[in-house]
Every structure is written in structure tokens, then in C-alpha cells.
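Peer 1: Sending over a structure as C-alpha cells; questions will come in a sec.
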Amino acid sequence: MDVLQSPAQDNPYSTCTLSLQLLPWQDLQTEEAQVDWLILHFNTWFSHHNVILVRGDFEPEYFPATSDEPAKIQFAHGFFNSALHEISHWTIAGQARRQLPDLGYWYAPDGRTQEQQALFEQVEIKPQAIEWLFATAFGRKFRVSLDNLTGEGGNGETFKKNVYAQVKRYINQEDRLPRDAERFIECICACTRQGQPLQLSEFK
């Protein structure tokens, strides 16, 4: 069953709503409490992948699993939206790239040239589209990020349109979401919106 449909009663993902939550999502009033909820739930829902979501004090980073420790998705500065962004990258990465530091992603830091920025935007369309789906399932605002404050900033309006077009392709099932992104969205929706599927009208 597609993640953008309401979960059936016999769907195994309905276990997402079992009593592991600290508080119902709707009762969480602070960013810190929402981050705690997200970490707890993600680490439960994806424990079969030997991966955990962790707060980072500085920049985000992905650490592959070792013989002693699970893989770690470390998000920046304890920010909820950073966690969603890093999870989106992880859902896109295949099994081979999950064995690599930072998922094997190419990345040039802030201060990119116009050519580097164009490449950055090309590889960021799908992750940011998936992040937008995650954020909307949580009822949170989403903003696209060009992430190049001191370099050639690129065309923000074009990038927004490209990310929105990718969201439409996912919603309309013209492109298939990565399996773990599907699972994550379905579990979020089960906990935050009584399993109601995402609608294209929710994306502006």
C-alpha cells in the first residue's frame, strides 16, 4: 500500500501508534520536546536498520555502523528541521552508501561558485522534497535552502519550483518514494493526523 494512502487496520505500520511515545505529538509545546519525541520514535521505527538519530552540537554528519555501534544520523545543533533533512538524505541513500561516511555525498561548503551551486541544487531537489513531505506530515513549516550565504546563491525561485515539482511527482506517484521515506511518512501520519494521507493542496 502506498504511504500516501490511509493505513489499513492490518497494516504492520499501524504499530507506529503503540504506547512508546513520551506524550502525544499534539501535546508537545517546545522544540526540545518535539526533538525528544522524534529521536525516540525514529530509533524505534528503524531499529531493524541498526541506525540511530542523535543530536549534534555542530554540523550534521553521518557515521556508518561499526562492529560495536549502530550507524548514526547526527543532525545539527539539536534542530528539528535539521533532523528531518538528514533523515531525508538517509532514506535516499541505498545500502552501499549507508556504509560510507556522510553517505558518500559530494558536498562543497558555503561559498560555492555558480557551477558548484548548480550541482548542489541538482542533488538537493529530492532530499528537500522528501523533507517537505516529512515536515508537512508533522504540521511544521518548511523552507527550501540554497545553503550558500557567502557564495553564488543561485536562483531561489527556480529551485523552489523544482522542489515543489518533485513533491507533486511523489504525491501523484509519478516517482516512487524511497521505501524508508514511505515508512517514515506513514508512521508520522499515524501518530500526528490519525493516518490521514498527505494532500497536494497542503503544499504551497
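We label chains A, B, ... in the order they appear in the C-alpha cells, count residues from 1 in each chain, and number ligands from 1 in the order shown.
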Would you list the contacts of A:Gly94 as a list in words, taking every protein, DNA or RNA residue within 12 Å and counting only C-alpha atoms, but skipping same-chain residues closer than 6 positions in sequence?
Peer 2: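 Near neighbours after the sequence-gap exclusion: His49, Leu100, Leu103, Gly104, Tyr105, Pro178, Arg179 and Asp180 of chain A.
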Peer 1: Can you write just those residues out, N, CA and C atoms, as an mmCIF file, in the first residue's frame?
Peer 2:
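This is the output file out17.cif:
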data_model
loop_
_atom_site.group_PDB
_atom_site.id
_atom_site.type_symbol
_atom_site.label_atom_id
_atom_site.label_comp_id
_atom_site.auth_asym_id
_atom_site.auth_seq_id
_atom_site.Cartn_x
_atom_site.Cartn_y
_atom_site.Cartn_z
ATOM 1 N N HIS A 49 17.265 -1.393 11.069
ATOM 2 C CA HIS A 49 18.348 -0.965 10.185
ATOM 3 C C HIS A 49 19.647 -0.685 10.944
ATOM 4 N N LEU A 100 29.131 4.276 3.980
ATOM 5 C CA LEU A 100 30.151 5.301 3.753
ATOM 6 C C LEU A 100 29.960 6.492 4.688
ATOM 7 N N LEU A 103 27.369 9.262 3.968
ATOM 8 C CA LEU A 103 26.592 8.609 2.910
ATOM 9 C C LEU A 103 27.222 8.768 1.526
ATOM 10 N N GLY A 104 28.513 9.116 1.496
ATOM 11 C CA GLY A 104 29.206 9.258 0.222
ATOM 12 C C GLY A 104 28.784 10.469 -0.572
ATOM 13 N N TYR A 105 28.098 11.442 0.074
ATOM 14 C CA TYR A 105 27.618 12.603 -0.654
ATOM 15 C C TYR A 105 28.758 13.546 -1.019
ATOM 16 N N PRO A 178 11.461 6.578 -1.802
ATOM 17 C CA PRO A 178 12.264 5.506 -1.206
ATOM 18 C C PRO A 178 11.453 4.786 -0.127
ATOM 19 N N ARG A 179 11.698 3.508 0.009
ATOM 20 C CA ARG A 179 10.889 2.688 0.919
ATOM 21 C C ARG A 179 10.899 3.224 2.347
ATOM 22 N N ASP A 180 12.074 3.636 2.840
ATOM 23 C CA ASP A 180 12.141 4.113 4.220
ATOM 24 C C ASP A 180 11.487 5.473 4.374
#
Peer 1: Give me, as a tab-separated table, the closest atom pair and its distance (Å, one decimal) for every residue of stretch 126-192 of chain A within a cut-off of 12 Å of stretch 29-40 of chain A, counting only C-alpha atoms, rows sorted by chain and rising number.
Peer 2:
residue	atom	partner	partner_atom	distance
A:Phe134	CA	A:Leu38	CA	11.4
A:Ala135	CA	A:Leu38	CA	11.8
A:Phe138	CA	A:Gln34	CA	10.0
A:Gly139	CA	A:Gln34	CA	11.9
A:Arg140	CA	A:Gln34	CA	11.1
A:Phe184	CA	A:Leu38	CA	10.8
A:Cys187	CA	A:Leu38	CA	11.2
A:Ile188	CA	A:Leu38	CA	9.4
A:Cys191	CA	A:Trp37	CA	11.0
A:Thr192	CA	A:Trp37	CA	11.7
Peer 1: I need the chosen residues saved as a PDB file, in the first residue's frame, with all heavy atoms.
Peer 2:
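Result written to part-v3.pdb:
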ATOM      1  N   PHE A 134       7.968  15.220   4.988  1.00  0.00           N
ATOM      2  CA  PHE A 134       8.085  14.934   6.422  1.00  0.00           C
ATOM      3  C   PHE A 134       7.534  16.091   7.255  1.00  0.00           C
ATOM      4  O   PHE A 134       6.757  15.885   8.182  1.00  0.00           O
ATOM      5  CB  PHE A 134       9.558  14.720   6.808  1.00  0.00           C
ATOM      6  CG  PHE A 134      10.230  13.512   6.215  1.00  0.00           C
ATOM      7  CD1 PHE A 134      11.616  13.402   6.264  1.00  0.00           C
ATOM      8  CD2 PHE A 134       9.513  12.481   5.639  1.00  0.00           C
ATOM      9  CE1 PHE A 134      12.272  12.302   5.752  1.00  0.00           C
ATOM     10  CE2 PHE A 134      10.154  11.368   5.093  1.00  0.00           C
ATOM     11  CZ  PHE A 134      11.548  11.277   5.161  1.00  0.00           C
ATOM     12  N   ALA A 135       7.986  17.307   6.933  1.00  0.00           N
ATOM     13  CA  ALA A 135       7.578  18.468   7.715  1.00  0.00           C
ATOM     14  C   ALA A 135       6.064  18.657   7.684  1.00  0.00           C
ATOM     15  O   ALA A 135       5.435  18.955   8.710  1.00  0.00           O
ATOM     16  CB  ALA A 135       8.282  19.720   7.186  1.00  0.00           C
ATOM     17  N   PHE A 138       4.191  16.406   9.902  1.00  0.00           N
ATOM     18  CA  PHE A 138       4.270  16.864  11.287  1.00  0.00           C
ATOM     19  C   PHE A 138       3.512  18.168  11.518  1.00  0.00           C
ATOM     20  O   PHE A 138       3.442  18.651  12.650  1.00  0.00           O
ATOM     21  CB  PHE A 138       5.735  17.080  11.691  1.00  0.00           C
ATOM     22  CG  PHE A 138       6.434  15.843  12.170  1.00  0.00           C
ATOM     23  CD1 PHE A 138       7.490  15.304  11.451  1.00  0.00           C
ATOM     24  CD2 PHE A 138       6.059  15.226  13.349  1.00  0.00           C
ATOM     25  CE1 PHE A 138       8.154  14.169  11.902  1.00  0.00           C
ATOM     26  CE2 PHE A 138       6.711  14.094  13.819  1.00  0.00           C
ATOM     27  CZ  PHE A 138       7.763  13.570  13.086  1.00  0.00           C
ATOM     28  N   GLY A 139       2.992  18.788  10.455  1.00  0.00           N
ATOM     29  CA  GLY A 139       2.314  20.067  10.600  1.00  0.00           C
ATOM     30  C   GLY A 139       3.272  21.219  10.828  1.00  0.00           C
ATOM     31  O   GLY A 139       2.895  22.247  11.393  1.00  0.00           O
ATOM     32  N   ARG A 140       4.512  21.075  10.362  1.00  0.00           N
ATOM     33  CA  ARG A 140       5.526  22.104  10.537  1.00  0.00           C
ATOM     34  C   ARG A 140       5.782  22.831   9.222  1.00  0.00           C
ATOM     35  O   ARG A 140       5.576  22.278   8.140  1.00  0.00           O
ATOM     36  CB  ARG A 140       6.834  21.483  11.040  1.00  0.00           C
ATOM     37  CG  ARG A 140       6.744  20.950  12.454  1.00  0.00           C
ATOM     38  CD  ARG A 140       8.053  20.287  12.849  1.00  0.00           C
ATOM     39  NE  ARG A 140       9.162  21.233  12.872  1.00  0.00           N
ATOM     40  CZ  ARG A 140       9.587  21.863  13.963  1.00  0.00           C
ATOM     41  NH1 ARG A 140       8.990  21.650  15.131  1.00  0.00           N
ATOM     42  NH2 ARG A 140      10.600  22.701  13.913  1.00  0.00           N
ATOM     43  N   PHE A 184       8.482   6.162   6.992  1.00  0.00           N
ATOM     44  CA  PHE A 184       8.555   7.262   7.943  1.00  0.00           C
ATOM     45  C   PHE A 184       7.316   8.144   7.853  1.00  0.00           C
ATOM     46  O   PHE A 184       6.714   8.510   8.867  1.00  0.00           O
ATOM     47  CB  PHE A 184       9.826   8.073   7.679  1.00  0.00           C
ATOM     48  CG  PHE A 184      10.172   9.064   8.753  1.00  0.00           C
ATOM     49  CD1 PHE A 184      10.093   8.732  10.095  1.00  0.00           C
ATOM     50  CD2 PHE A 184      10.601  10.340   8.413  1.00  0.00           C
ATOM     51  CE1 PHE A 184      10.432   9.646  11.093  1.00  0.00           C
ATOM     52  CE2 PHE A 184      10.946  11.265   9.397  1.00  0.00           C
ATOM     53  CZ  PHE A 184      10.860  10.916  10.735  1.00  0.00           C
ATOM     54  N   CYS A 187       4.289   6.346   9.336  1.00  0.00           N
ATOM     55  CA  CYS A 187       4.333   6.313  10.794  1.00  0.00           C
ATOM     56  C   CYS A 187       4.039   7.684  11.393  1.00  0.00           C
ATOM     57  O   CYS A 187       3.313   7.786  12.394  1.00  0.00           O
ATOM     58  CB  CYS A 187       5.707   5.821  11.260  1.00  0.00           C
ATOM     59  SG  CYS A 187       5.982   4.037  11.050  1.00  0.00           S
ATOM     60  N   ILE A 188       4.593   8.732  10.793  1.00  0.00           N
ATOM     61  CA  ILE A 188       4.304  10.085  11.278  1.00  0.00           C
ATOM     62  C   ILE A 188       2.799  10.345  11.207  1.00  0.00           C
ATOM     63  O   ILE A 188       2.179  10.803  12.173  1.00  0.00           O
ATOM     64  CB  ILE A 188       5.051  11.149  10.456  1.00  0.00           C
ATOM     65  CG1 ILE A 188       6.562  11.017  10.603  1.00  0.00           C
ATOM     66  CG2 ILE A 188       4.620  12.556  10.904  1.00  0.00           C
ATOM     67  CD1 ILE A 188       7.333  11.843   9.576  1.00  0.00           C
ATOM     68  N   CYS A 191       0.658   8.871  13.826  1.00  0.00           N
ATOM     69  CA  CYS A 191       0.782   9.476  15.154  1.00  0.00           C
ATOM     70  C   CYS A 191       0.277  10.907  15.220  1.00  0.00           C
ATOM     71  O   CYS A 191      -0.112  11.370  16.302  1.00  0.00           O
ATOM     72  CB  CYS A 191       2.248   9.455  15.598  1.00  0.00           C
ATOM     73  SG  CYS A 191       2.882   7.820  16.022  1.00  0.00           S
ATOM     74  N   THR A 192       0.315  11.633  14.115  1.00  0.00           N
ATOM     75  CA  THR A 192       0.040  13.074  14.179  1.00  0.00           C
ATOM     76  C   THR A 192      -1.272  13.481  13.523  1.00  0.00           C
ATOM     77  O   THR A 192      -1.772  14.573  13.802  1.00  0.00           O
ATOM     78  CB  THR A 192       1.170  13.862  13.489  1.00  0.00           C
ATOM     79  OG1 THR A 192       1.184  13.556  12.086  1.00  0.00           O
ATOM     80  CG2 THR A 192       2.529  13.530  14.102  1.00  0.00           C
TER      81      THR A 192
END
Peer 1: Quick one: distance from atom CA of A:Gln74 to atom CA of A:Val51 in Å, one decimal?
Peer 2: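 If I compute the distance from atom CA of A:Gln74 to atom CA of A:Val51, I get 10.6 Å.
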Peer 1: Distance atom CA of A:Phe79-atom CA of A:Ala118, one decimal place?
Peer 2: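 Going from atom CA of A:Phe79 over to atom CA of A:Ala118 covers 26.2 Å.
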Peer 1: Please identify which residues in chain A DSSP calls strand (DSSP E) from the backbone, and express them as a ChimeraX atom specification.
Peer 2: /A:51-55,61-63,71-75
